[in-house]
>>> print(open('start_33.cif').read())   # mmCIF, C-alpha atoms
data_run
#
loop_
_atom_site.label_atom_id
_atom_site.label_comp_id
_atom_site.auth_asym_id
_atom_site.auth_seq_id
_atom_site.Cartn_x
_atom_site.Cartn_y
_atom_site.Cartn_z
CA MET O 1 -10.49 -0.85 3.84
CA CYS O 2 -10.27 -4.62 3.74
CA ASP O 3 -13.25 -6.93 3.71
CA ASN O 4 -16.55 -5.01 3.84
CA SER O 5 -19.45 -4.17 1.15
CA GLY O 6 3.20 20.98 5.54
CA LYS O 7 6.39 21.10 3.95
CA LYS O 8 6.83 21.43 0.27
CA SER O 9 9.30 19.25 -1.60
CA THR O 10 11.05 20.06 -4.82
CA GLY O 11 10.22 16.62 -6.26
CA ARG O 12 12.64 14.42 -8.16
CA GLY O 13 11.18 14.02 -11.64
CA LYS O 14 11.10 10.64 -13.38
CA PRO O 15 12.80 7.68 -11.64
CA ARG O 16 16.07 6.28 -12.82
CA PHE O 17 17.12 2.66 -12.52
CA THR O 18 18.48 0.81 -9.49
CA ILE O 19 20.92 2.33 -7.01
CA PRO O 20 23.93 0.95 -5.15
CA SER O 21 22.87 -0.87 -2.00
CA ASP O 22 24.85 1.37 0.37
CA ILE O 23 23.16 4.71 -0.41
CA LEU O 24 19.74 6.28 -0.80
CA ASN O 25 19.20 8.56 -3.76
CA VAL O 26 15.87 9.96 -2.62
CA SER O 27 15.71 12.74 -0.08
CA ARG O 28 14.10 13.04 3.31
CA ASP O 29 11.50 15.24 1.60
CA ASN O 30 10.54 12.33 -0.66
CA TYR O 31 10.05 10.10 2.37
CA ILE O 32 7.88 12.78 3.94
CA ALA O 33 5.94 13.23 0.71
CA GLY O 34 5.34 9.47 0.53
CA MET O 35 3.92 9.22 4.03
CA VAL O 36 1.92 12.46 3.82
CA LEU O 37 0.41 11.67 0.40
CA SER O 38 -0.50 8.19 1.58
CA GLY O 39 -2.80 9.91 4.08
CA VAL O 40 -4.02 12.29 1.39
CA GLY O 41 -4.81 9.46 -1.03
CA ASP O 42 -6.67 7.66 1.71
CA ALA O 43 -8.76 10.69 2.73
CA LEU O 44 -9.58 11.56 -0.90
CA GLY O 45 -10.67 8.04 -1.75
CA TYR O 46 -12.62 7.73 1.50
CA LYS O 47 -14.44 11.10 1.69
CA ASN O 48 -15.83 10.25 5.11
CA GLY O 49 -17.12 6.94 3.79
CA GLU O 50 -19.10 8.48 0.92
CA TRP O 51 -16.81 7.42 -1.93
CA GLU O 52 -15.35 4.21 -0.53
CA MET O 53 -17.32 1.34 -2.10
CA CYS O 54 -19.27 3.72 -4.31
CA ARG O 55 -20.45 1.78 -7.35
CA SER O 56 -19.87 4.55 -9.90
CA GLY O 57 -16.59 6.28 -10.64
CA ARG O 58 -18.52 8.61 -12.94
CA ASP O 59 -20.62 9.85 -10.00
CA ILE O 60 -17.46 10.50 -7.98
CA HIS O 61 -15.88 12.46 -10.82
CA LYS O 62 -19.05 14.54 -11.17
CA GLU O 63 -18.89 15.42 -7.50
CA VAL O 64 -15.19 16.26 -7.72
CA ASN O 65 -15.99 18.61 -10.60
CA SER O 66 -18.79 20.21 -8.57
CA LEU O 67 -16.21 20.96 -5.87
CA GLY O 68 -14.08 22.78 -8.44
CA GLY O 69 -11.72 19.90 -9.15
CA ILE O 70 -8.87 18.48 -7.13
CA LYS O 71 -7.06 21.85 -7.07
CA ASN O 72 -9.86 23.40 -5.02
CA ILE O 73 -10.22 20.67 -2.42
CA ILE O 74 -9.03 21.76 1.03
CA LEU O 75 -8.39 18.39 2.61
CA LYS O 76 -8.93 18.75 6.34
CA PRO O 77 -11.12 17.20 9.02
CA PRO O 78 -13.92 16.92 9.85
CA GLN O 79 -15.04 17.12 6.22
CA TRP O 80 -12.14 14.91 5.13
CA ILE O 81 -10.76 12.41 7.63
CA VAL O 82 -8.45 9.46 7.02
CA SER O 83 -9.86 5.96 7.15
CA ASP O 84 -8.65 2.87 8.98
CA ASP O 85 -6.02 2.50 6.24
CA THR O 86 -3.88 5.41 7.46
CA ILE O 87 -4.43 4.53 11.11
CA MET O 88 -3.05 1.03 10.55
CA HIS O 89 -0.29 2.28 8.26
CA LEU O 90 0.85 4.59 11.05
CA ALA O 91 0.64 1.64 13.46
CA THR O 92 3.03 -0.32 11.22
CA ALA O 93 5.38 2.66 10.99
CA ASP O 94 5.29 3.27 14.75
CA ALA O 95 6.29 -0.35 15.39
CA LEU O 96 9.19 -0.10 12.93
CA VAL O 97 10.43 3.10 14.58
CA LYS O 98 10.21 1.60 18.08
CA TYR O 99 12.06 -1.47 16.86
CA GLY O 100 14.87 0.68 15.52
CA GLU O 101 17.96 -1.33 14.58
CA ASN O 102 17.16 -4.27 16.82
CA ASN O 103 17.95 -7.71 15.38
CA ASP O 104 15.25 -9.65 17.24
CA LYS O 105 12.42 -10.17 14.75
CA GLU O 106 10.21 -11.67 17.44
CA LYS O 107 10.34 -8.33 19.24
CA LEU O 108 9.28 -6.51 16.07
CA TYR O 109 6.37 -8.87 15.46
CA SER O 110 5.16 -8.40 19.02
CA LEU O 111 5.43 -4.63 18.58
CA LEU O 112 3.41 -4.81 15.36
CA ALA O 113 0.72 -6.86 17.05
CA GLU O 114 0.64 -4.41 19.95
CA GLU O 115 0.32 -1.39 17.64
CA TYR O 116 -2.39 -3.05 15.55
CA LYS O 117 -4.45 -3.77 18.64
CA LYS O 118 -3.90 -0.21 19.87
CA SER O 119 -4.98 1.21 16.51
CA MET O 120 -8.45 -0.25 16.97
CA LYS O 121 -9.10 2.47 19.58
CA ASP O 122 -8.94 5.14 16.86
CA MET O 123 -11.50 3.76 14.43
CA ASN O 124 -14.51 5.98 15.12
CA ASN O 125 -16.19 6.82 11.77
CA ARG O 126 -13.29 5.21 9.88
CA LEU O 127 -15.14 2.05 8.76
CA VAL O 128 -12.51 -0.41 9.94
CA GLY O 129 -12.50 -3.64 7.93
CA LEU O 130 -14.30 -6.54 9.52
CA THR O 131 -11.35 -8.90 9.06
CA CYS O 132 -8.85 -6.46 10.55
CA GLN O 133 -11.09 -5.81 13.52
CA ALA O 134 -11.85 -9.45 14.22
CA MET O 135 -8.28 -10.68 13.81
CA CYS O 136 -6.78 -7.89 15.92
CA MET O 137 -8.88 -9.20 18.79
CA LYS O 138 -7.08 -12.55 18.43
CA LEU O 139 -3.58 -11.06 18.64
CA ASP O 140 -1.74 -11.55 21.94
CA PRO O 141 1.52 -9.55 21.89
CA LEU O 142 2.53 -10.74 25.38
CA ARG O 143 2.46 -14.43 24.44
CA LEU O 144 5.22 -16.24 22.54
CA LYS O 145 4.25 -16.08 18.85
CA GLY O 146 0.98 -14.49 19.93
CA TYR O 147 1.11 -12.51 16.70
CA ARG O 148 0.17 -15.63 14.71
CA ILE O 149 -3.46 -16.27 13.82
CA PRO O 150 -4.94 -19.35 12.14
CA PHE O 151 -5.24 -19.60 8.39
CA ASN O 152 -8.36 -17.79 7.20
CA LEU O 153 -10.01 -18.76 3.91
CA ASN O 154 -11.66 -15.31 3.91
CA GLY O 155 -8.42 -13.46 4.65
CA GLY O 156 -7.64 -12.39 1.08
CA GLY O 157 -8.78 -8.78 1.48
CA CYS O 158 -6.67 -5.65 1.07
CA GLY O 159 -6.27 -4.84 4.77
CA ALA O 160 -2.65 -6.00 4.80
CA ALA O 161 -1.69 -4.32 1.52
CA MET O 162 -2.95 -0.88 2.56
CA ARG O 163 -0.75 -0.62 5.66
CA SER O 164 2.65 -2.02 4.62
CA MET O 165 4.15 0.70 2.41
CA CYS O 166 6.36 1.98 5.24
CA ILE O 167 8.10 -1.42 5.41
CA GLY O 168 9.57 -0.56 2.02
CA LEU O 169 10.70 2.79 3.41
CA ARG O 170 12.48 1.08 6.29
CA TYR O 171 14.09 -1.69 4.21
CA PRO O 172 14.53 -0.23 0.72
CA ARG O 173 17.88 -1.65 -0.35
CA PRO O 174 18.21 -4.65 -2.67
CA ASP O 175 20.39 -6.42 -0.09
CA GLU O 176 17.58 -6.05 2.50
CA ILE O 177 15.05 -8.01 0.46
CA ALA O 178 15.00 -10.94 2.93
CA HIS O 179 14.00 -8.55 5.73
CA LEU O 180 11.36 -6.91 3.55
CA ILE O 181 9.85 -10.28 2.63
CA SER O 182 9.72 -11.74 6.13
CA ILE O 183 8.45 -8.57 7.81
CA SER O 184 5.80 -7.74 5.21
CA VAL O 185 4.52 -11.32 5.19
CA GLU O 186 4.40 -11.59 8.99
CA ALA O 187 2.84 -8.14 9.39
CA GLY O 188 0.27 -9.00 6.74
CA ARG O 189 -0.81 -12.34 8.09
CA MET O 190 -1.38 -10.96 11.57
CA THR O 191 -4.82 -10.11 10.25
CA HIS O 192 -4.91 -11.67 6.76
CA HIS O 193 -3.52 -15.18 6.96
CA HIS O 194 -4.18 -16.06 3.35
CA PRO O 195 -1.65 -15.77 0.49
CA THR O 196 -3.83 -13.27 -1.37
CA GLY O 197 -3.87 -11.09 1.75
CA TYR O 198 -0.29 -11.24 2.97
CA LEU O 199 1.25 -11.20 -0.53
CA GLY O 200 -0.58 -7.90 -0.98
CA SER O 201 1.45 -6.65 1.98
CA LEU O 202 4.62 -7.80 0.23
CA ALA O 203 3.56 -6.09 -3.02
CA SER O 204 3.01 -2.67 -1.43
CA ALA O 205 6.26 -2.83 0.53
CA LEU O 206 8.25 -4.03 -2.48
CA PHE O 207 6.85 -1.37 -4.82
CA VAL O 208 7.85 1.30 -2.29
CA SER O 209 11.37 -0.12 -2.04
CA TYR O 210 11.61 0.06 -5.84
CA ALA O 211 10.45 3.67 -5.72
CA VAL O 212 13.19 4.49 -3.21
CA GLN O 213 15.73 2.65 -5.37
CA GLN O 214 14.50 4.72 -8.32
CA LYS O 215 14.06 1.55 -10.29
CA GLY O 216 12.23 2.04 -13.58
CA MET O 217 8.49 1.69 -12.91
CA ASN O 218 7.91 -0.59 -15.89
CA GLY O 219 9.85 -3.30 -14.10
CA TRP O 220 8.13 -3.22 -10.72
CA GLY O 221 5.48 -5.82 -11.52
CA ALA O 222 7.98 -8.20 -13.06
CA GLY O 223 10.17 -7.72 -10.01
CA LEU O 224 7.27 -8.69 -7.76
CA LEU O 225 6.64 -11.81 -9.85
CA GLU O 226 10.31 -12.77 -9.53
CA THR O 227 10.14 -12.24 -5.75
CA LEU O 228 7.18 -14.58 -5.13
CA PRO O 229 9.29 -17.78 -5.05
CA ALA O 230 11.40 -16.31 -2.24
CA ALA O 231 8.20 -15.46 -0.34
CA LYS O 232 6.99 -19.03 -0.82
CA THR O 233 10.30 -20.38 0.48
CA TYR O 234 9.97 -18.16 3.55
CA ILE O 235 6.46 -19.39 4.28
CA GLN O 236 7.54 -23.01 3.80
CA SER O 237 10.41 -22.52 6.24
CA CYS O 238 8.29 -21.21 9.09
CA ASP O 239 4.80 -22.59 8.60
CA THR O 240 4.14 -26.29 9.10
CA GLY O 241 0.69 -25.84 7.57
CA PHE O 242 2.04 -24.58 4.25
CA GLU O 243 1.46 -27.79 2.33
CA ASN O 244 -2.21 -27.56 3.22
CA GLU O 245 -4.10 -24.27 3.22
CA ASN O 246 -1.37 -21.87 2.09
CA GLN O 247 -0.18 -24.14 -0.71
CA ARG O 248 -3.71 -24.68 -1.98
CA GLU O 249 -4.54 -20.97 -2.11
CA TRP O 250 -1.16 -19.65 -3.28
CA TYR O 251 -1.95 -19.61 -7.00
CA HIS O 252 -4.61 -16.85 -6.86
CA PHE O 253 -2.16 -13.99 -6.35
CA GLU O 254 0.43 -15.26 -8.83
CA GLU O 255 -2.16 -15.90 -11.55
CA LYS O 256 -3.77 -12.47 -11.22
CA LEU O 257 -0.41 -10.70 -11.17
CA THR O 258 0.72 -12.60 -14.28
CA GLU O 259 -2.54 -11.81 -16.06
CA TYR O 260 -2.25 -8.11 -15.27
CA LEU O 261 1.34 -7.96 -16.51
CA ARG O 262 0.36 -9.80 -19.69
CA ILE O 263 -2.46 -7.33 -20.37
CA ARG O 264 -0.13 -4.36 -19.89
CA GLY O 265 2.73 -5.98 -21.81
CA LEU O 266 5.00 -5.83 -18.77
CA LEU O 267 5.88 -9.48 -18.20
CA ASP O 268 9.55 -8.84 -18.91
CA GLY O 269 9.51 -5.36 -17.38
CA LYS O 270 11.38 -3.89 -20.33
CA ARG O 271 8.62 -2.24 -22.35
CA ASP O 272 6.24 0.64 -21.82
CA PRO O 273 2.78 -0.33 -20.55
CA LYS O 274 0.02 -0.80 -23.11
CA PHE O 275 -3.09 1.16 -22.18
CA PRO O 276 -6.20 0.94 -24.33
CA PRO O 277 -7.36 4.06 -26.19
CA ASN O 278 -10.00 6.15 -24.42
CA PHE O 279 -9.23 4.58 -21.04
CA GLY O 280 -11.69 6.86 -19.27
CA VAL O 281 -13.58 6.63 -16.00
CA GLU O 282 -16.08 3.95 -17.02
CA LYS O 283 -13.46 1.84 -18.81
CA ARG O 284 -11.25 1.99 -15.73
CA ASP O 285 -14.13 0.94 -13.48
CA GLN O 286 -14.73 -2.05 -15.74
CA PHE O 287 -11.06 -2.99 -15.81
CA TYR O 288 -10.66 -2.69 -12.05
CA ALA O 289 -13.74 -4.84 -11.51
CA TYR O 290 -12.37 -7.42 -13.96
CA LEU O 291 -9.03 -7.42 -12.18
CA SER O 292 -10.65 -7.82 -8.76
CA PHE O 293 -11.54 -10.92 -6.79
CA ASP O 294 -15.25 -10.22 -6.36
CA GLY O 295 -16.03 -7.39 -8.77
CA VAL O 296 -15.09 -4.64 -6.30
CA GLY O 297 -11.92 -2.94 -7.52
CA GLY O 298 -9.25 -2.63 -4.85
CA ASN O 299 -10.91 -4.89 -2.30
CA SER O 300 -8.41 -7.76 -2.36
CA GLY O 301 -4.73 -8.20 -1.63
CA TYR O 302 -3.72 -8.37 -5.26
CA ASP O 303 -5.87 -5.76 -6.96
CA ALA O 304 -5.34 -2.93 -4.43
CA PRO O 305 -1.57 -2.64 -5.08
CA LEU O 306 -2.00 -3.44 -8.79
CA ILE O 307 -4.61 -0.69 -9.31
CA ALA O 308 -2.34 1.76 -7.47
CA TYR O 309 0.58 0.66 -9.66
CA ASP O 310 -1.54 0.93 -12.80
CA ALA O 311 -2.57 4.46 -11.85
CA LEU O 312 1.03 5.48 -11.23
CA LEU O 313 2.08 4.07 -14.62
CA GLY O 314 -0.72 5.92 -16.37
CA CYS O 315 -0.55 9.32 -14.68
CA ASN O 316 2.74 10.51 -16.23
CA GLY O 317 3.65 12.34 -13.05
CA ASN O 318 0.40 14.32 -13.00
CA TRP O 319 -1.19 14.41 -9.53
CA GLU O 320 -4.68 15.18 -10.80
CA GLU O 321 -4.52 12.25 -13.22
CA LEU O 322 -3.29 9.93 -10.46
CA CYS O 323 -6.24 10.92 -8.27
CA GLY O 324 -8.68 10.33 -11.12
CA ARG O 325 -7.33 6.84 -11.61
CA ALA O 326 -6.49 5.70 -8.08
CA MET O 327 -8.79 7.64 -5.70
CA PHE O 328 -11.91 8.40 -7.76
CA HIS O 329 -13.19 5.03 -8.97
CA SER O 330 -15.85 2.56 -8.00
CA GLY O 331 -14.88 0.11 -5.29
CA ASP O 332 -12.33 0.32 -2.49
CA SER O 333 -10.95 3.69 -3.53
CA ASP O 334 -9.30 4.64 -0.24
CA SER O 335 -7.17 1.50 -0.19
CA THR O 336 -5.92 2.04 -3.73
CA GLY O 337 -5.52 5.73 -2.91
CA VAL O 338 -3.38 5.21 0.19
CA ILE O 339 -0.94 3.02 -1.77
CA ALA O 340 -0.88 5.19 -4.90
CA GLY O 341 -0.40 8.39 -2.91
CA CYS O 342 2.59 6.92 -1.10
CA LEU O 343 4.22 5.75 -4.34
CA TYR O 344 3.64 9.09 -6.05
CA GLY O 345 5.17 11.00 -3.14
CA ILE O 346 8.35 8.93 -3.12
CA VAL O 347 8.83 9.16 -6.89
CA PHE O 348 7.74 12.75 -7.50
CA GLY O 349 7.74 14.42 -4.08
CA LEU O 350 5.06 17.03 -3.59
CA LYS O 351 5.65 18.42 -7.04
CA ASN O 352 2.45 19.65 -8.65
CA VAL O 353 0.36 18.68 -5.60
CA PRO O 354 -1.85 21.63 -4.51
CA VAL O 355 -0.78 22.71 -1.04
CA ASP O 356 -4.38 22.66 0.20
CA ASN O 357 -4.52 18.96 -0.68
CA TYR O 358 -1.98 18.04 1.97
CA LYS O 359 -1.09 20.76 4.49
CA TYR O 360 -4.18 20.17 6.65
CA VAL O 361 -4.48 16.39 6.20
CA GLU O 362 -5.35 14.61 9.43
CA TYR O 363 -2.25 13.39 11.31
CA TYR O 364 0.07 15.44 9.10
CA SER O 365 2.58 15.92 11.92
CA ARG O 366 2.68 12.20 12.76
CA LEU O 367 3.06 11.26 9.11
CA GLU O 368 5.88 13.78 8.66
CA ASP O 369 7.69 12.83 11.85
CA THR O 370 7.43 9.10 11.22
CA ALA O 371 8.73 9.52 7.67
CA SER O 372 11.76 11.41 8.93
CA LYS O 373 12.53 8.71 11.50
CA LEU O 374 12.17 5.95 8.90
CA TYR O 375 14.54 7.86 6.64
CA ASN O 376 17.14 8.01 9.43
CA LEU O 377 16.79 4.28 10.05
CA ALA O 378 17.03 3.44 6.35
CA LEU O 379 20.02 5.73 5.95
CA LYS O 380 21.52 4.22 9.12
CA VAL O 381 22.32 7.60 10.69
#
>>> encode(input="start_33.cif", output="structure tokens")
Amino acid sequence: MCDNSGKKSTGRGKPRFTIPSDILNVSRDNYIAGMVLSGVGDALGYKNGEWEMCRSGRDIHKEVNSLGGIKNIILKPPQWIVSDDTIMHLATADALVKYGENNDKEKLYSLLAEEYKKSMKDMNNRLVGLTCQAMCMKLDPLRLKGYRIPFNLNGGGCGAAMRSMCIGLRYPRPDEIAHLISISVEAGRMTHHHPTGYLGSLASALFVSYAVQQKGMNGWGAGLLETLPAAKTYIQSCDTGFENENQREWYHFEEKLTEYLRIRGLLDGKRDPKFPPNFGVEKRDQFYAYLSFDGVGGNSGYDAPLIAYDALLGCNGNWEELCGRAMFHSGDSDSTGVIAGCLYGIVFGLKNVPVDNYKYVEYYSRLEDTASKLYNLALKV
């Protein structure tokens, strides 16, 4: 959410460092696992709207335990449906697939706008974010640059971050970073024209590209920090209003990212993260609220991808631990869950994920099929 109060893989183990730019070292199964587990993370964190925006992670964990734990959850509708997050993530992926290997970015941006508007027809009981809903109404895919909306001082929510992971699947190589930046920024500001919003889109896409590259996870945050100047240059080059609204609001994302990396000891990306002792449910709720924009963990463009990243760093490849950290917390748990699930799937595949957690997830076939097509495009086959 943004602004409101199968097939079994073998897995790949721990990631290695960066890969040559002309090959992909992750398999098609990892792509499928990333897309499928993004839907799973969304549905788990959402629980038909019961857990999203819940104010107590402890209450959520108690309910999970009453269900027999994550291993005993059969994740299928209507008891467990995906939220607006997965619907809009699939919209992004569908536009990328339709675009194929075209070189006309204007065509892609029009396709994205078209798919986002179309996605609003599938939002029954999915609690679509108010900003996403309102801004999609302003998009006009048939008009020249009709995908651009005005700057929005309230556009710093997570609605762009939770739908951009597949951009990293399509453009994962280091030499494609310019494409990843421009597309994630433009896709993000179609509904969230505020640096905190559209830089969240960049963060999710970039983290996924690092996962595909098998870059060491400790360096992902530092890599994002190093990428922000290039994003600023892109915005300056195509937005005559940059020196006003965008320039004035730019610092929020960079400051919060830097603070998070300082707390975890990851500013240089070369050390292991520093987690406090006894970092249990209540401590995590407090930390996520502290990290957030308005006290609701995961509700903004910077804390949604950072909480997902934090959960991935702290789970040690354990699916149940990832869920406890990324899906079962107070705040916007489906938006952190959709990002974290995608990252976990790419890095670890479906290893150690109970089959009942994913084989019946809503839109499984679409998630699987789209992942396979993105893999073909990324592999250039």
>>> resolve_selection(input="start_33.cif", expression="the PyMOL selection byres ((chain O and resi 302) around 6)", output="ChimeraX atom specification")
/O:200,253,300-301,303-304
>>> closest_residue(input="start_33.cif", among="O:Asn318, O:Thr86, O:Ser110, O:Ser365", to="Val128 of chain O", atoms="all atoms listed in the file")
O:Thr86
>>> residues_around(input="start_33.cif", residues="Ala178 of chain O", least_positions_apart="5", cutoff="9 Å", atoms="all atoms listed in the file", output="number ranges by chain")
O: 183, 230-231, 234
>>> write_last_selection(input="start_33.cif", atoms="C-alpha atoms", output="mmCIF file, in the frame of the given file")
data_model
loop_
_atom_site.group_PDB
_atom_site.id
_atom_site.type_symbol
_atom_site.label_atom_id
_atom_site.label_comp_id
_atom_site.auth_asym_id
_atom_site.auth_seq_id
_atom_site.Cartn_x
_atom_site.Cartn_y
_atom_site.Cartn_z
ATOM 1 C CA ILE O 183 8.450 -8.570 7.810
ATOM 2 C CA ALA O 230 11.400 -16.310 -2.240
ATOM 3 C CA ALA O 231 8.200 -15.460 -0.340
ATOM 4 C CA TYR O 234 9.970 -18.160 3.550
#
>>> closest_residue(input="start_33.cif", among="O:Val212, O:Val82, O:Ala160, O:Leu153", to="Arg248 of chain O", atoms="all atoms listed in the file")
O:Leu153
>>> residues_near_point(input="start_33.cif", point="(18.5, 7.6, 7.7)", cutoff="12 Å", atoms="all atoms listed in the file", output="list in words")
Asp22, Ile23, Leu24, Asn25, Val26, Ser27, Arg28, Tyr31, Val97, Gly100, Glu101, Leu169, Arg170, Tyr171, Pro172, Thr370, Ala371, Ser372, Lys373, Leu374, Tyr375, Asn376, Leu377, Ala378, Leu379, Lys380 and Val381 of chain O
>>> closest_residue(input="start_33.cif", among="O:Thr191, O:Thr258, O:Ser204, O:Ser292", to="Arg148 of chain O", atoms="only C-alpha atoms")
O:Thr191
>>> atom_distance(input="start_33.cif", atom1="atom CA of Ala43 of chain O", atom2="atom CA of Cys323 of chain O")
11.3 Å
>>> resolve_selection(input="start_33.cif", expression="the PyMOL selection byres ((chain O and resi 268) around 12)", output="MDAnalysis selection string")
chainID O and resid 218:226 258 261:262 264:267 269:273
>>> build_atoms(input="start_33.cif", residues="segment 172-191 of chain O", atoms="N, CA, C and O atoms", output="CSV table (one decimal), keeping the file's coordinate frame")
chain,number,residue,atom,x,y,z
O,172,PRO,N,14.6,-0.5,2.2
O,172,PRO,CA,14.5,-0.2,0.7
O,172,PRO,C,15.6,-0.8,-0.1
O,172,PRO,O,15.5,-0.9,-1.4
O,173,ARG,N,16.7,-1.2,0.5
O,173,ARG,CA,17.9,-1.6,-0.4
O,173,ARG,C,17.7,-3.1,-0.9
O,173,ARG,O,17.1,-3.9,-0.3
O,174,PRO,N,18.3,-3.3,-2.1
O,174,PRO,CA,18.2,-4.6,-2.7
O,174,PRO,C,18.8,-5.7,-1.7
O,174,PRO,O,18.3,-6.9,-1.7
O,175,ASP,N,19.8,-5.4,-1.0
O,175,ASP,CA,20.4,-6.4,-0.1
O,175,ASP,C,19.6,-6.6,1.2
O,175,ASP,O,20.0,-7.4,2.1
O,176,GLU,N,18.5,-5.9,1.3
O,176,GLU,CA,17.6,-6.0,2.5
O,176,GLU,C,16.3,-6.8,2.1
O,176,GLU,O,15.4,-6.8,2.9
O,177,ILE,N,16.3,-7.4,1.0
O,177,ILE,CA,15.0,-8.0,0.5
O,177,ILE,C,14.5,-9.1,1.4
O,177,ILE,O,13.3,-9.3,1.5
O,178,ALA,N,15.4,-9.9,2.0
O,178,ALA,CA,15.0,-10.9,2.9
O,178,ALA,C,14.2,-10.4,4.1
O,178,ALA,O,13.2,-10.9,4.6
O,179,HIS,N,14.7,-9.2,4.6
O,179,HIS,CA,14.0,-8.6,5.7
O,179,HIS,C,12.6,-8.1,5.2
O,179,HIS,O,11.6,-8.2,5.9
O,180,LEU,N,12.6,-7.4,4.1
O,180,LEU,CA,11.4,-6.9,3.6
O,180,LEU,C,10.3,-8.0,3.4
O,180,LEU,O,9.2,-7.9,3.7
O,181,ILE,N,10.8,-9.2,2.8
O,181,ILE,CA,9.8,-10.3,2.6
O,181,ILE,C,9.3,-10.8,3.9
O,181,ILE,O,8.1,-10.9,4.1
O,182,SER,N,10.2,-11.1,4.9
O,182,SER,CA,9.7,-11.7,6.1
O,182,SER,C,8.8,-10.8,6.9
O,182,SER,O,7.8,-11.2,7.4
O,183,ILE,N,9.2,-9.5,7.0
O,183,ILE,CA,8.4,-8.6,7.8
O,183,ILE,C,7.1,-8.2,7.2
O,183,ILE,O,6.1,-8.2,7.9
O,184,SER,N,7.1,-8.0,5.9
O,184,SER,CA,5.8,-7.7,5.2
O,184,SER,C,4.8,-8.9,5.3
O,184,SER,O,3.6,-8.8,5.5
O,185,VAL,N,5.4,-10.1,5.1
O,185,VAL,CA,4.5,-11.3,5.2
O,185,VAL,C,4.0,-11.5,6.6
O,185,VAL,O,2.8,-11.7,6.8
O,186,GLU,N,4.9,-11.4,7.6
O,186,GLU,CA,4.4,-11.6,9.0
O,186,GLU,C,3.4,-10.5,9.4
O,186,GLU,O,2.4,-10.7,10.1
O,187,ALA,N,3.7,-9.2,9.1
O,187,ALA,CA,2.8,-8.1,9.4
O,187,ALA,C,1.5,-8.3,8.7
O,187,ALA,O,0.4,-8.1,9.3
O,188,GLY,N,1.5,-8.8,7.5
O,188,GLY,CA,0.3,-9.0,6.7
O,188,GLY,C,-0.6,-10.1,7.3
O,188,GLY,O,-1.8,-9.9,7.5
O,189,ARG,N,0.0,-11.2,7.7
O,189,ARG,CA,-0.8,-12.3,8.1
O,189,ARG,C,-1.2,-12.3,9.6
O,189,ARG,O,-1.8,-13.2,10.1
O,190,MET,N,-0.8,-11.2,10.2
O,190,MET,CA,-1.4,-11.0,11.6
O,190,MET,C,-2.9,-10.7,11.5
O,190,MET,O,-3.6,-11.0,12.5
O,191,THR,N,-3.4,-10.3,10.4
O,191,THR,CA,-4.8,-10.1,10.2
O,191,THR,C,-5.3,-10.8,9.0
O,191,THR,O,-6.5,-11.2,9.0
